[in-house]
$ cat start28.txt   # compact mmCIF, C-alpha atoms and all ligand atoms
# COMPACT_ATOMS: atom_id res chain seq x y z
CA MET C 1 98.76 89.10 84.72
CA LYS C 2 95.73 90.71 86.38
CA ASN C 3 94.19 89.76 89.74
CA PHE C 4 91.10 87.55 89.68
CA ASN C 5 88.63 85.69 91.91
CA TYR C 6 87.28 82.25 91.16
CA HIS C 7 84.45 80.62 93.08
CA GLN C 8 82.46 77.51 92.27
CA THR C 9 80.42 75.24 94.49
CA THR C 10 78.70 72.83 92.11
CA GLU C 11 79.91 69.24 92.12
CA ILE C 12 80.23 68.07 88.51
CA VAL C 13 79.37 64.47 87.66
CA PHE C 14 80.42 64.11 84.02
CA GLY C 15 80.30 61.21 81.59
CA THR C 16 78.14 58.85 79.60
CA GLY C 17 75.74 56.78 81.67
CA ARG C 18 76.14 58.99 84.74
CA VAL C 19 72.39 59.80 84.81
CA SER C 20 72.00 56.39 86.47
CA GLU C 21 73.53 57.97 89.60
CA ALA C 22 70.70 60.52 89.90
CA GLY C 23 68.86 58.54 92.61
CA GLN C 24 71.82 58.26 94.90
CA ILE C 25 72.71 61.95 94.33
CA VAL C 26 69.23 63.43 94.75
CA SER C 27 68.49 61.32 97.84
CA LYS C 28 71.43 62.98 99.63
CA TYR C 29 69.43 66.22 99.56
CA GLY C 30 65.95 64.94 100.33
CA LYS C 31 63.38 62.19 99.97
CA ARG C 32 60.70 64.29 98.27
CA CYS C 33 61.68 65.67 94.91
CA LEU C 34 59.98 67.92 92.38
CA MET C 35 61.29 67.04 88.92
CA VAL C 36 61.06 70.05 86.59
CA THR C 37 60.92 69.57 82.81
CA THR C 38 59.38 70.71 79.53
CA PRO C 39 56.49 68.60 78.17
CA ASP C 40 58.44 67.59 74.99
CA LEU C 41 57.45 64.17 73.66
CA PRO C 42 60.96 63.07 72.56
CA LEU C 43 62.08 63.48 76.16
CA VAL C 44 59.25 61.52 77.77
CA PRO C 45 61.21 58.22 77.85
CA LEU C 46 64.04 60.04 79.64
CA TYR C 47 61.61 61.54 82.13
CA GLU C 48 60.16 58.10 82.90
CA ARG C 49 63.65 56.64 83.23
CA VAL C 50 64.81 59.32 85.65
CA LYS C 51 61.61 59.02 87.70
CA LYS C 52 62.29 55.30 88.09
CA ILE C 53 65.94 55.91 89.02
CA LEU C 54 64.78 58.32 91.74
CA MET C 55 61.99 56.08 93.03
CA ASP C 56 64.37 53.10 93.18
CA ALA C 57 66.51 55.22 95.50
CA GLY C 58 63.51 55.79 97.78
CA VAL C 59 62.71 59.30 96.54
CA ALA C 60 59.05 60.31 96.16
CA VAL C 61 58.76 62.21 92.89
CA ALA C 62 56.24 64.76 91.67
CA HIS C 63 56.72 65.76 88.03
CA PHE C 64 56.13 69.36 86.93
CA ASP C 65 56.32 69.20 83.13
CA GLY C 66 55.02 72.68 82.38
CA VAL C 67 58.28 74.48 81.52
CA ILE C 68 58.28 76.44 78.28
CA PRO C 69 61.46 77.59 76.47
CA ASN C 70 62.41 80.99 77.92
CA PRO C 71 60.48 80.11 81.11
CA THR C 72 58.16 82.73 82.54
CA THR C 73 57.02 83.94 85.94
CA GLU C 74 53.86 81.85 85.36
CA THR C 75 56.04 78.75 84.88
CA SER C 76 57.74 79.38 88.18
CA ALA C 77 54.43 80.11 89.98
CA VAL C 78 52.76 76.87 88.87
CA GLY C 79 55.89 74.82 89.62
CA SER C 80 56.27 76.41 93.07
CA LYS C 81 52.68 75.60 93.95
CA MET C 82 53.36 71.99 93.03
CA ALA C 83 56.59 71.94 95.07
CA ILE C 84 54.70 73.20 98.13
CA GLU C 85 51.85 70.69 97.66
CA HIS C 86 54.35 67.83 97.29
CA LYS C 87 56.35 69.11 100.31
CA ALA C 88 59.43 68.88 98.11
CA ASP C 89 62.76 69.11 99.87
CA VAL C 90 64.85 69.00 96.71
CA ILE C 91 64.27 70.29 93.17
CA LEU C 92 65.62 68.47 90.12
CA GLY C 93 65.94 70.45 86.90
CA LEU C 94 66.10 67.99 84.00
CA GLY C 95 66.46 69.50 80.53
CA GLY C 96 68.00 72.50 78.84
CA GLY C 97 68.59 75.90 80.37
CA SER C 98 64.86 76.54 80.53
CA SER C 99 64.17 73.54 82.79
CA MET C 100 67.26 74.02 84.94
CA ASP C 101 66.55 77.75 85.37
CA ALA C 102 62.90 77.06 86.18
CA ALA C 103 64.07 74.59 88.85
CA LYS C 104 66.25 77.28 90.44
CA ALA C 105 63.42 79.85 90.38
CA ILE C 106 61.06 77.31 91.95
CA ALA C 107 63.63 76.53 94.67
CA VAL C 108 63.36 80.19 95.66
CA GLU C 109 59.67 80.94 95.03
CA ALA C 110 58.41 77.84 96.86
CA THR C 111 60.19 78.93 100.04
CA HIS C 112 59.79 82.71 99.98
CA ASP C 113 57.03 85.32 100.00
CA GLY C 114 56.02 86.73 96.63
CA SER C 115 57.24 85.43 93.28
CA ALA C 116 60.66 84.55 91.89
CA TRP C 117 60.53 87.90 90.04
CA ASP C 118 60.77 89.63 93.45
CA TYR C 119 64.22 88.07 93.93
CA LEU C 120 65.92 89.31 90.75
CA PHE C 121 69.63 90.12 91.18
CA TYR C 122 69.07 93.85 91.87
CA LYS C 123 66.14 93.51 94.29
CA GLU C 124 66.08 93.38 98.09
CA PRO C 125 65.80 91.26 100.13
CA ALA C 126 67.95 88.60 98.52
CA PRO C 127 66.83 84.95 98.80
CA ASP C 128 67.48 83.54 102.27
CA PRO C 129 70.19 80.84 102.03
CA SER C 130 68.65 78.91 104.93
CA LYS C 131 65.34 78.58 103.03
CA VAL C 132 66.22 77.99 99.35
CA LEU C 133 65.68 74.34 98.40
CA PRO C 134 68.71 72.45 97.09
CA VAL C 135 68.78 72.06 93.32
CA VAL C 136 70.25 69.18 91.33
CA ALA C 137 70.64 69.83 87.59
CA ILE C 138 70.77 67.30 84.77
CA SER C 139 71.51 69.01 81.45
CA THR C 140 70.11 67.71 78.18
CA THR C 141 71.32 70.52 75.90
CA SER C 142 74.90 71.69 75.42
CA GLY C 143 74.48 75.42 75.56
CA THR C 144 73.61 77.43 78.63
CA GLY C 145 75.97 75.99 81.22
CA SER C 146 73.10 76.55 83.68
CA GLN C 147 73.99 73.28 85.41
CA VAL C 148 77.02 75.08 86.92
CA THR C 149 75.78 78.68 87.29
CA GLN C 150 74.17 80.73 90.04
CA VAL C 151 71.79 82.20 87.44
CA SER C 152 68.12 81.60 86.74
CA VAL C 153 66.83 83.48 83.70
CA ILE C 154 63.11 84.19 83.70
CA THR C 155 60.76 86.20 81.52
CA ASN C 156 57.96 88.46 82.67
CA LEU C 157 55.52 88.44 79.76
CA ALA C 158 53.42 91.32 81.13
CA GLU C 159 56.50 93.55 81.39
CA ARG C 160 58.11 92.17 78.18
CA ASP C 161 61.25 91.79 80.28
CA LYS C 162 63.73 88.95 80.59
CA SER C 163 65.91 89.13 83.67
CA ALA C 164 67.66 86.90 86.17
CA LEU C 165 67.99 85.73 89.71
CA TYR C 166 71.72 85.76 90.37
CA ASN C 167 72.88 84.47 93.71
CA PRO C 168 75.31 81.77 94.91
CA VAL C 169 72.43 80.14 96.83
CA ILE C 170 71.04 78.81 93.54
CA PHE C 171 74.21 77.13 92.31
CA PRO C 172 73.04 73.54 91.72
CA ARG C 173 74.49 71.31 94.42
CA VAL C 174 75.32 68.72 91.77
CA ALA C 175 75.38 68.92 87.97
CA ILE C 176 75.00 65.64 86.13
CA VAL C 177 76.32 66.06 82.59
CA ASP C 178 75.64 62.88 80.65
CA PRO C 179 76.34 63.41 76.93
CA GLU C 180 74.10 60.45 75.99
CA LEU C 181 71.12 62.64 76.97
CA MET C 182 72.00 65.03 74.14
CA LEU C 183 71.70 62.42 71.40
CA THR C 184 68.00 63.23 70.93
CA LEU C 185 68.63 66.94 70.33
CA PRO C 186 67.33 68.04 66.93
CA ARG C 187 69.63 70.07 64.69
CA SER C 188 67.39 73.11 65.24
CA VAL C 189 68.30 73.09 68.95
CA THR C 190 71.89 71.83 68.62
CA ALA C 191 72.94 74.82 66.47
CA PRO C 192 71.75 77.76 68.61
CA THR C 193 72.64 76.08 71.91
CA GLY C 194 76.10 75.23 70.54
CA PHE C 195 76.61 78.84 69.51
CA ASP C 196 75.54 79.94 73.02
CA ILE C 197 78.60 78.06 74.37
CA PHE C 198 80.87 80.01 72.04
CA CYS C 199 79.30 83.29 73.23
CA HIS C 200 79.63 82.47 76.93
CA ALA C 201 83.26 81.53 76.50
CA PHE C 202 84.17 84.52 74.34
CA GLU C 203 82.31 87.13 76.37
CA SER C 204 83.92 85.93 79.58
CA THR C 205 87.34 86.69 78.02
CA ILE C 206 86.38 90.33 77.36
CA ASN C 207 84.53 90.85 80.66
CA PRO C 208 86.63 92.69 83.27
CA GLY C 209 85.58 89.94 85.74
CA GLY C 210 87.62 87.33 83.85
CA GLY C 211 91.25 86.38 84.34
CA ALA C 212 93.77 83.65 83.76
CA TYR C 213 91.63 80.78 85.03
CA VAL C 214 88.57 81.81 83.02
CA ASP C 215 90.69 82.44 79.90
CA LEU C 216 92.10 78.94 80.12
CA MET C 217 88.64 77.37 80.19
CA ALA C 218 87.13 79.81 77.69
CA LYS C 219 89.78 79.27 75.03
CA GLU C 220 89.42 75.51 75.35
CA ALA C 221 85.61 75.81 75.09
CA ILE C 222 85.87 77.98 71.96
CA LYS C 223 88.24 75.52 70.29
CA LEU C 224 85.96 72.59 71.16
CA VAL C 225 82.83 74.30 69.78
CA LEU C 226 84.53 75.24 66.53
CA ALA C 227 85.85 71.70 66.12
CA TYR C 228 82.77 69.73 67.18
CA LEU C 229 79.65 71.83 66.54
CA PRO C 230 79.91 71.22 62.77
CA THR C 231 80.41 67.50 63.52
CA VAL C 232 77.28 67.16 65.67
CA LEU C 233 75.30 69.18 63.15
CA ASN C 234 76.29 66.69 60.46
CA ASP C 235 75.71 63.66 62.66
CA GLY C 236 73.78 64.17 65.89
CA SER C 237 74.45 60.58 66.92
CA ASP C 238 78.24 61.05 67.13
CA ILE C 239 78.66 60.43 70.85
CA GLU C 240 82.35 61.44 70.94
CA ALA C 241 81.45 64.83 69.45
CA ARG C 242 78.45 65.17 71.83
CA LYS C 243 80.87 64.54 74.74
CA LYS C 244 83.16 67.33 73.57
CA MET C 245 80.19 69.71 73.23
CA ALA C 246 78.94 68.81 76.71
CA TRP C 247 82.41 69.45 78.11
CA ALA C 248 82.67 72.77 76.24
CA ASP C 249 79.24 73.73 77.62
CA THR C 250 80.32 72.95 81.17
CA LEU C 251 83.59 74.87 80.79
CA ALA C 252 81.80 77.90 79.36
CA GLY C 253 79.21 77.73 82.16
CA LEU C 254 82.05 77.84 84.69
CA CYS C 255 83.40 80.87 82.82
CA ILE C 256 80.18 82.88 83.01
CA ALA C 257 79.55 81.86 86.60
CA SER C 258 82.85 83.53 87.43
CA ALA C 259 83.29 86.33 84.90
CA GLY C 260 79.85 87.11 83.49
CA VAL C 261 78.79 88.06 79.98
CA THR C 262 78.81 91.35 78.06
CA LEU C 263 77.02 93.36 75.38
CA PRO C 264 75.68 90.56 73.13
CA HIS C 265 74.09 88.70 76.05
CA GLY C 266 72.62 91.90 77.50
CA MET C 267 71.07 92.63 74.10
CA GLY C 268 70.05 88.99 73.64
CA MET C 269 68.17 89.05 76.93
CA ALA C 270 66.28 92.14 75.74
CA VAL C 271 65.38 90.38 72.48
CA GLY C 272 64.19 87.32 74.43
CA GLY C 273 62.10 89.48 76.77
CA MET C 274 60.36 91.37 73.98
CA TYR C 275 60.15 88.46 71.51
CA PRO C 276 60.05 85.25 73.58
CA HIS C 277 59.57 83.11 70.46
CA VAL C 278 63.23 83.78 69.58
CA ALA C 279 65.48 81.09 71.09
CA HIS C 280 68.29 82.38 73.29
CA GLY C 281 71.12 81.13 71.05
CA GLU C 282 69.31 82.40 67.95
CA SER C 283 69.14 85.92 69.39
CA LEU C 284 72.88 85.81 70.10
CA ALA C 285 73.64 84.66 66.57
CA ILE C 286 71.63 87.60 65.20
CA LEU C 287 73.46 90.11 67.40
CA TYR C 288 77.03 88.81 67.22
CA PRO C 289 78.10 90.37 63.90
CA ALA C 290 77.04 93.90 64.93
CA CYS C 291 78.55 93.52 68.41
CA THR C 292 81.79 92.18 66.89
CA ARG C 293 82.10 95.11 64.49
CA PHE C 294 81.40 97.50 67.39
CA THR C 295 83.87 96.01 69.89
CA ALA C 296 86.75 94.39 67.99
CA GLY C 297 88.96 97.49 68.03
CA TYR C 298 88.64 97.76 71.82
CA ALA C 299 89.73 94.23 72.77
CA VAL C 300 92.20 93.54 69.99
CA GLU C 301 93.97 90.59 71.59
CA GLN C 302 90.71 88.71 72.31
CA TYR C 303 89.13 89.40 68.91
CA ALA C 304 92.41 88.40 67.24
CA PHE C 305 92.14 85.12 69.16
CA MET C 306 88.51 84.74 68.00
CA ALA C 307 89.39 85.45 64.36
CA ARG C 308 92.31 83.01 64.38
CA ALA C 309 90.24 80.31 66.09
CA LEU C 310 87.68 80.73 63.30
CA ASN C 311 90.35 80.97 60.59
CA PRO C 312 93.75 79.46 61.48
CA GLY C 313 95.09 81.09 58.30
CA LEU C 314 95.25 84.35 60.30
CA LYS C 315 97.89 82.97 62.70
CA SER C 316 100.75 84.86 61.09
CA VAL C 317 99.03 88.26 60.68
CA PRO C 318 99.43 90.96 63.38
CA ASP C 319 96.79 91.13 66.14
CA ALA C 320 95.19 94.37 64.90
CA LYS C 321 94.71 92.94 61.42
CA ALA C 322 93.36 89.64 62.77
CA ALA C 323 90.90 91.49 65.07
CA ASP C 324 89.75 93.50 62.06
CA ARG C 325 88.84 90.24 60.37
CA ALA C 326 86.75 88.95 63.33
CA TYR C 327 83.52 90.36 61.84
CA ASP C 328 83.96 88.58 58.48
CA GLU C 329 84.97 85.34 60.18
CA ILE C 330 82.02 85.26 62.58
CA VAL C 331 79.60 85.97 59.73
CA LYS C 332 81.16 83.13 57.70
CA PHE C 333 80.86 80.76 60.67
CA LEU C 334 77.23 81.69 61.38
CA LYS C 335 76.38 81.11 57.72
CA SER C 336 78.08 77.71 57.86
CA ILE C 337 75.87 76.59 60.77
CA GLY C 338 72.70 78.12 59.32
CA LEU C 339 72.34 80.84 61.96
CA TYR C 340 73.10 84.03 60.03
CA LYS C 341 69.85 85.98 60.13
CA SER C 342 68.39 89.35 61.07
CA LEU C 343 65.91 90.65 63.64
CA ARG C 344 63.61 91.39 60.70
CA GLU C 345 63.60 87.69 59.78
CA VAL C 346 62.36 86.69 63.25
CA ASN C 347 59.45 89.09 62.84
CA MET C 348 60.54 91.90 65.09
CA PRO C 349 58.43 94.96 64.12
CA GLU C 350 60.55 97.75 62.62
CA ASN C 351 58.79 100.38 64.73
CA GLU C 352 60.18 98.75 67.92
CA ILE C 353 63.86 99.43 67.10
CA GLY C 354 64.00 102.31 69.60
CA ALA C 355 62.13 100.37 72.30
CA LEU C 356 64.46 97.39 71.91
CA ALA C 357 67.53 99.63 72.09
CA ARG C 358 66.25 101.10 75.37
CA GLN C 359 65.56 97.60 76.72
CA CYS C 360 69.13 96.55 75.79
CA MET C 361 70.35 99.09 78.35
CA VAL C 362 68.24 97.78 81.25
CA LEU C 363 70.50 94.89 82.29
CA PRO C 364 74.03 95.97 83.26
CA ASP C 365 75.74 93.45 80.91
CA TYR C 366 76.43 96.07 78.21
CA LYS C 367 78.47 98.05 80.73
CA GLY C 368 80.97 95.16 81.02
CA ASN C 369 81.78 95.46 77.31
CA PRO C 370 85.25 96.80 76.39
CA LYS C 371 83.42 99.61 74.56
CA VAL C 372 80.29 100.80 76.36
CA ALA C 373 77.52 101.79 73.94
CA THR C 374 75.82 105.16 74.21
CA GLU C 375 72.06 105.35 73.58
CA GLY C 376 72.71 106.44 70.00
CA GLU C 377 75.19 103.61 69.43
CA MET C 378 72.73 101.09 70.88
CA ILE C 379 70.12 102.18 68.33
CA GLU C 380 72.69 101.74 65.56
CA LEU C 381 73.56 98.25 66.86
CA VAL C 382 69.90 97.22 66.87
CA LYS C 383 69.41 98.69 63.38
CA GLU C 384 72.41 96.77 62.06
CA ALA C 385 71.05 93.51 63.50
CA PHE C 386 67.61 94.33 62.12
CA TYR C 387 68.63 95.06 58.52
CA GLN C 388 71.67 92.75 58.06
P1 LIG O 1 65.74 75.06 76.21
O1 LIG O 1 65.99 74.52 77.55
O2 LIG O 1 64.75 76.17 76.07
O3 LIG O 1 65.38 73.88 75.23
C1 LIG O 1 64.99 74.13 73.90
C2 LIG O 1 64.06 73.03 73.41
O4 LIG O 1 64.80 71.81 73.27
C3 LIG O 1 62.95 72.72 74.43
O5 LIG O 1 61.77 72.48 73.73
C4 LIG O 1 63.46 71.48 75.12
O6 LIG O 1 62.46 70.70 75.70
C5 LIG O 1 64.14 70.75 73.99
N1 LIG O 1 65.18 69.82 74.43
C6 LIG O 1 66.06 69.98 75.44
N2 LIG O 1 66.88 68.93 75.51
C7 LIG O 1 66.51 68.06 74.54
C8 LIG O 1 66.99 66.79 74.13
N3 LIG O 1 68.04 66.20 74.70
N4 LIG O 1 66.35 66.18 73.11
C9 LIG O 1 65.29 66.78 72.48
N5 LIG O 1 64.81 67.98 72.82
C10 LIG O 1 65.41 68.63 73.84
O7 LIG O 1 67.10 75.59 75.52
P2 LIG O 1 68.43 76.12 76.17
O8 LIG O 1 69.08 76.94 75.12
O9 LIG O 1 69.21 75.03 76.79
O10 LIG O 1 67.94 77.09 77.34
C11 LIG O 1 67.53 78.40 77.05
C12 LIG O 1 67.20 79.15 78.33
O11 LIG O 1 68.34 79.17 79.21
C13 LIG O 1 66.88 80.60 78.03
O12 LIG O 1 65.85 81.06 78.86
C14 LIG O 1 68.18 81.31 78.34
O13 LIG O 1 68.01 82.67 78.61
C15 LIG O 1 68.64 80.53 79.55
N6 LIG O 1 70.07 80.64 79.88
C16 LIG O 1 70.42 80.44 81.17
C17 LIG O 1 71.74 80.54 81.55
C18 LIG O 1 72.11 80.32 82.99
O14 LIG O 1 73.27 80.43 83.36
N7 LIG O 1 71.18 80.00 83.84
C19 LIG O 1 72.74 80.83 80.62
C20 LIG O 1 72.35 81.03 79.30
C21 LIG O 1 71.02 80.92 78.93

$ encode --input "start28.txt" --output "structure tokens"
Amino acid sequence: MKNFNYHQTTEIVFGTGRVSEAGQIVSKYGKRCLMVTTPDLPLVPLYERVKKILMDAGVAVAHFDGVIPNPTTETSAVGSKMAIEHKADVILGLGGGSSMDAAKAIAVEATHDGSAWDYLFYKEPAPDPSKVLPVVAISTTSGTGSQVTQVSVITNLAERDKSALYNPVIFPRVAIVDPELMLTLPRSVTAPTGFDIFCHAFESTINPGGGAYVDLMAKEAIKLVLAYLPTVLNDGSDIEARKKMAWADTLAGLCIASAGVTLPHGMGMAVGGMYPHVAHGESLAILYPACTRFTAGYAVEQYAFMARALNPGLKSVPDAKAADRAYDEIVKFLKSIGLYKSLREVNMPENEIGALARQCMVLPDYKGNPKVATEGEMIELVKEAFYQ
């Protein structure tokens, strides 16, 4: 058994109806709150409800509803201006990964010189822990695990780059995970976000930063997604299945917060940066088959686990043979949830294959893969995802 570290500071408040505790929770961190959301109409009743819950607890609320999926540096700039004007002392991210990540970026940008982009994980100086505003996260998708991570993913449209702030100071103080909030998710969001959970969990098992604790959570998350994603896709109102997905999402978020992700996520971030219309989970679904073919022989035990989780009929075959089947099984699964597609189908221009391959090697995630791609191999991976 290898050595590992595990660190987590977010308090998790999990269960149906728990959103009603938002007022009492947020008011522990401040009396002036900026609530950060997308402008989506189906979520407006939830936004009004949460505002009332906060105001009833004596919290003055300003509502920034300008978050777009794959939030940008502009999103963070406008939200930060509003946080400063409102004299916010706590930021509430209410929504999917985009809203929760925007909240974290705003918590930094509103209290520091420059923009959130100046505080990406590899830049100096790092955000000052004594300045960053506390963040409370309420998740409404089951996908990114952002409610329990120290990560804020943002996109710089001018640079066609998607990158991240990564620092323990942006761990949400509290994550409220109320599966009832996911009942309004359309199928088109449930599928890619659900697959994102699978990816977080699996990649954390092949990342050198993982270990026994992460494996325990990751394997449970993978089993839950495979059992309950098809159920929620058939019937989005199945609250028991939504609960299992929300739990899987939280477990997988804890996994990436500790272990990190690998090649598919590094490539997926590059796709999101260059083609922001592609949803995060959709980009992962496009890349997974090629990455699985590329890596399965280098992490046989983990890919054998993946293949057997996808097809229990492989339980009795040797690990090497099961790992060999991981590619076919993941393709079959993606087809079953309607996510098997190519980069060509999401309108990536063919003449940008080389540029995308170079961008896939900007973030260090690909280096945590059991097999590290060379430049030539990265081009082949992108080509495979483009033409599949
Ligand atoms: P999202 O937040 O972009 O939401 C997708 C769409 O669904 C939006 O229009 C949103 O308003 C809508 N929506 C959300 N909840 C809804 C609900 N309950 N009912 C109806 N509509 C709803 O999607 P996401 O996949 O959760 O987040 C993606 C972002 O998170 C990407 O930028 C990705 O890179 C990032 N991400 C962050 C982390 C992290 O640890 N911080 C991890 C993975 C991904």

$ residues_around --input "start28.txt" --residues "Gln24 in chain C" --least-positions-apart "6" --cutoff "9 Å" --atoms "all atoms listed in the file" --output "PDB file with C-alpha atoms, keeping the file's coordinate frame"
ATOM      1  CA  ILE C  53      65.940  55.910  89.020  1.00  0.00           C
ATOM      2  CA  LEU C  54      64.780  58.320  91.740  1.00  0.00           C
ATOM      3  CA  ALA C  57      66.510  55.220  95.500  1.00  0.00           C
TER       4      ALA C  57
END

$ closest_atom_pairs --input "start28.txt" --of "chain C" --to "ligand LIG 1 (chain O)" --cutoff "6 Å" --atoms "all atoms listed in the file" --output "JSON lines"
{"residue": "C:Thr38", "atom": "CA", "partner": "O:LIG1", "partner_atom": "O6", "distance": 4.9}
{"residue": "C:Asp40", "atom": "CA", "partner": "O:LIG1", "partner_atom": "O6", "distance": 5.1}
{"residue": "C:Pro42", "atom": "CA", "partner": "O:LIG1", "partner_atom": "C9", "distance": 5.7}
{"residue": "C:Leu43", "atom": "CA", "partner": "O:LIG1", "partner_atom": "C9", "distance": 5.9}
{"residue": "C:Pro69", "atom": "CA", "partner": "O:LIG1", "partner_atom": "O2", "distance": 3.6}
{"residue": "C:Asn70", "atom": "CA", "partner": "O:LIG1", "partner_atom": "O12", "distance": 3.6}
{"residue": "C:Pro71", "atom": "CA", "partner": "O:LIG1", "partner_atom": "O12", "distance": 5.9}
{"residue": "C:Gly95", "atom": "CA", "partner": "O:LIG1", "partner_atom": "N2", "distance": 5.1}
{"residue": "C:Gly96", "atom": "CA", "partner": "O:LIG1", "partner_atom": "O1", "distance": 3.1}
{"residue": "C:Gly97", "atom": "CA", "partner": "O:LIG1", "partner_atom": "O10", "distance": 3.3}
{"residue": "C:Ser98", "atom": "CA", "partner": "O:LIG1", "partner_atom": "O1", "distance": 3.8}
{"residue": "C:Ser99", "atom": "CA", "partner": "O:LIG1", "partner_atom": "O1", "distance": 5.6}
{"residue": "C:Asp101", "atom": "CA", "partner": "O:LIG1", "partner_atom": "N7", "distance": 5.4}
{"residue": "C:Thr140", "atom": "CA", "partner": "O:LIG1", "partner_atom": "N3", "distance": 4.3}
{"residue": "C:Thr141", "atom": "CA", "partner": "O:LIG1", "partner_atom": "N2", "distance": 4.7}
{"residue": "C:Gly143", "atom": "CA", "partner": "O:LIG1", "partner_atom": "O9", "distance": 5.4}
{"residue": "C:Thr144", "atom": "CA", "partner": "O:LIG1", "partner_atom": "C20", "distance": 3.9}
{"residue": "C:Gly145", "atom": "CA", "partner": "O:LIG1", "partner_atom": "O14", "distance": 5.6}
{"residue": "C:Ser146", "atom": "CA", "partner": "O:LIG1", "partner_atom": "O14", "distance": 3.9}
{"residue": "C:Thr149", "atom": "CA", "partner": "O:LIG1", "partner_atom": "O14", "distance": 5.0}
{"residue": "C:Val151", "atom": "CA", "partner": "O:LIG1", "partner_atom": "N7", "distance": 4.3}
{"residue": "C:Ser152", "atom": "CA", "partner": "O:LIG1", "partner_atom": "N7", "distance": 4.5}
{"residue": "C:Val153", "atom": "CA", "partner": "O:LIG1", "partner_atom": "O13", "distance": 5.3}
{"residue": "C:Leu181", "atom": "CA", "partner": "O:LIG1", "partner_atom": "N3", "distance": 5.2}
{"residue": "C:Met182", "atom": "CA", "partner": "O:LIG1", "partner_atom": "N3", "distance": 4.2}
{"residue": "C:Thr184", "atom": "CA", "partner": "O:LIG1", "partner_atom": "N4", "distance": 4.0}
{"residue": "C:Leu185", "atom": "CA", "partner": "O:LIG1", "partner_atom": "N4", "distance": 3.7}
{"residue": "C:Val189", "atom": "CA", "partner": "O:LIG1", "partner_atom": "O4", "distance": 5.7}
{"residue": "C:Thr193", "atom": "CA", "partner": "O:LIG1", "partner_atom": "O8", "distance": 4.9}
{"residue": "C:His280", "atom": "CA", "partner": "O:LIG1", "partner_atom": "C14", "distance": 5.2}

$ closest_residue --input "start28.txt" --among "C:Val232, C:Met348, C:Ala259, C:Ile170" --to "Gly209 in chain C" --atoms "all atoms listed in the file"
C:Ala259

$ residues_around --input "start28.txt" --residues "Arg242 in chain C" --least-positions-apart "5" --cutoff "9 Å" --atoms "all atoms listed in the file" --output "PyMOL selection string"
chain C and resi 142+179-180+182-183+228-229+231-232+236-237+247

$ closest_residue --input "start28.txt" --among "C:Ile222, C:Val174, C:Leu287, C:Cys360" --to "Gln388 in chain C" --atoms "only C-alpha atoms"
C:Leu287

$ closest_atom_pairs --input "start28.txt" --of "range 275-322 of chain C" --to "range 368-377 of chain C" --cutoff "9 Å" --atoms "only C-alpha atoms" --output "tab-separated table"
residue	atom	partner	partner_atom	distance
C:Phe294	CA	C:Lys371	CA	7.7
C:Thr295	CA	C:Lys371	CA	5.9
C:Ala296	CA	C:Pro370	CA	8.9
C:Gly297	CA	C:Lys371	CA	8.8
C:Tyr298	CA	C:Pro370	CA	5.8
C:Ala299	CA	C:Pro370	CA	6.3

$ residues_around --input "start28.txt" --residues "Ala110 in chain C" --least-positions-apart "5" --cutoff "10 Å" --atoms "all atoms listed in the file" --output "ChimeraX atom specification"
/C:76-85,87-88,105,115-116,131-133

$ atom_distance --input "start28.txt" --atom1 "CA of Pro230 in chain C" --atom2 "CA of Gly281 in chain C"
15.6 Å

$ closest_residue --input "start28.txt" --among "C:Ala326, C:Ile12, C:Ala158, C:Val90" --to "Val26 in chain C" --atoms "all atoms listed in the file"
C:Val90

$ residues_near_point --input "start28.txt" --point "(75.9, 89.4, 66.2)" --cutoff "10 Å" --atoms "all atoms listed in the file" --output "JSON, numbers by chain"
{"C": [199, 264, 267, 268, 282, 283, 284, 285, 286, 287, 288, 289, 290, 291, 292, 293, 294, 327, 330, 331, 334, 340, 341, 342, 381, 382, 384, 385, 388]}

$ atom_distance --input "start28.txt" --atom1 "CA of Thr10 in chain C" --atom2 "CA of Asp161 in chain C"
28.4 Å

$ closest_residue --input "start28.txt" --among "C:Tyr119, C:Asp178, C:Lys104, C:Ala218" --to "Ile239 in chain C" --atoms "only C-alpha atoms"
C:Asp178

$ residues_around --input "start28.txt" --residues "Lys223 in chain C" --least-positions-apart "3" --cutoff "9 Å" --atoms "only C-alpha atoms" --output "PyMOL selection string"
chain C and resi 198+218-220+226-228+248+309-310

$ residues_near_point --input "start28.txt" --point "(56.6, 87.9, 75.2)" --cutoff "7 Å" --atoms "only C-alpha atoms" --output "MDAnalysis selection string"
chainID C and resid 157 160 273:276

$ write_last_selection --input "start28.txt" --atoms "C-alpha atoms" --output "PDB file, in the coordinates of the input"
ATOM      1  CA  LEU C 157      55.520  88.440  79.760  1.00  0.00           C
ATOM      2  CA  ARG C 160      58.110  92.170  78.180  1.00  0.00           C
ATOM      3  CA  GLY C 273      62.100  89.480  76.770  1.00  0.00           C
ATOM      4  CA  MET C 274      60.360  91.370  73.980  1.00  0.00           C
ATOM      5  CA  TYR C 275      60.150  88.460  71.510  1.00  0.00           C
ATOM      6  CA  PRO C 276      60.050  85.250  73.580  1.00  0.00           C
TER       7      PRO C 276
END

$ closest_residue --input "start28.txt" --among "C:Ile138, C:Leu92, C:Ala103, C:Val362" --to "Phe14 in chain C" --atoms "all atoms listed in the file"
C:Ile138

$ closest_residue --input "start28.txt" --among "C:Leu263, C:Ser27, C:Asn311, C:Gly66" --to "Met378 in chain C" --atoms "only C-alpha atoms"
C:Leu263

$ residues_around --input "start28.txt" --residues "Gly58 in chain C" --least-positions-apart "3" --cutoff "12 Å" --atoms "only C-alpha atoms" --output "PyMOL selection string"
chain C and resi 22-28+30-33+51-55+61
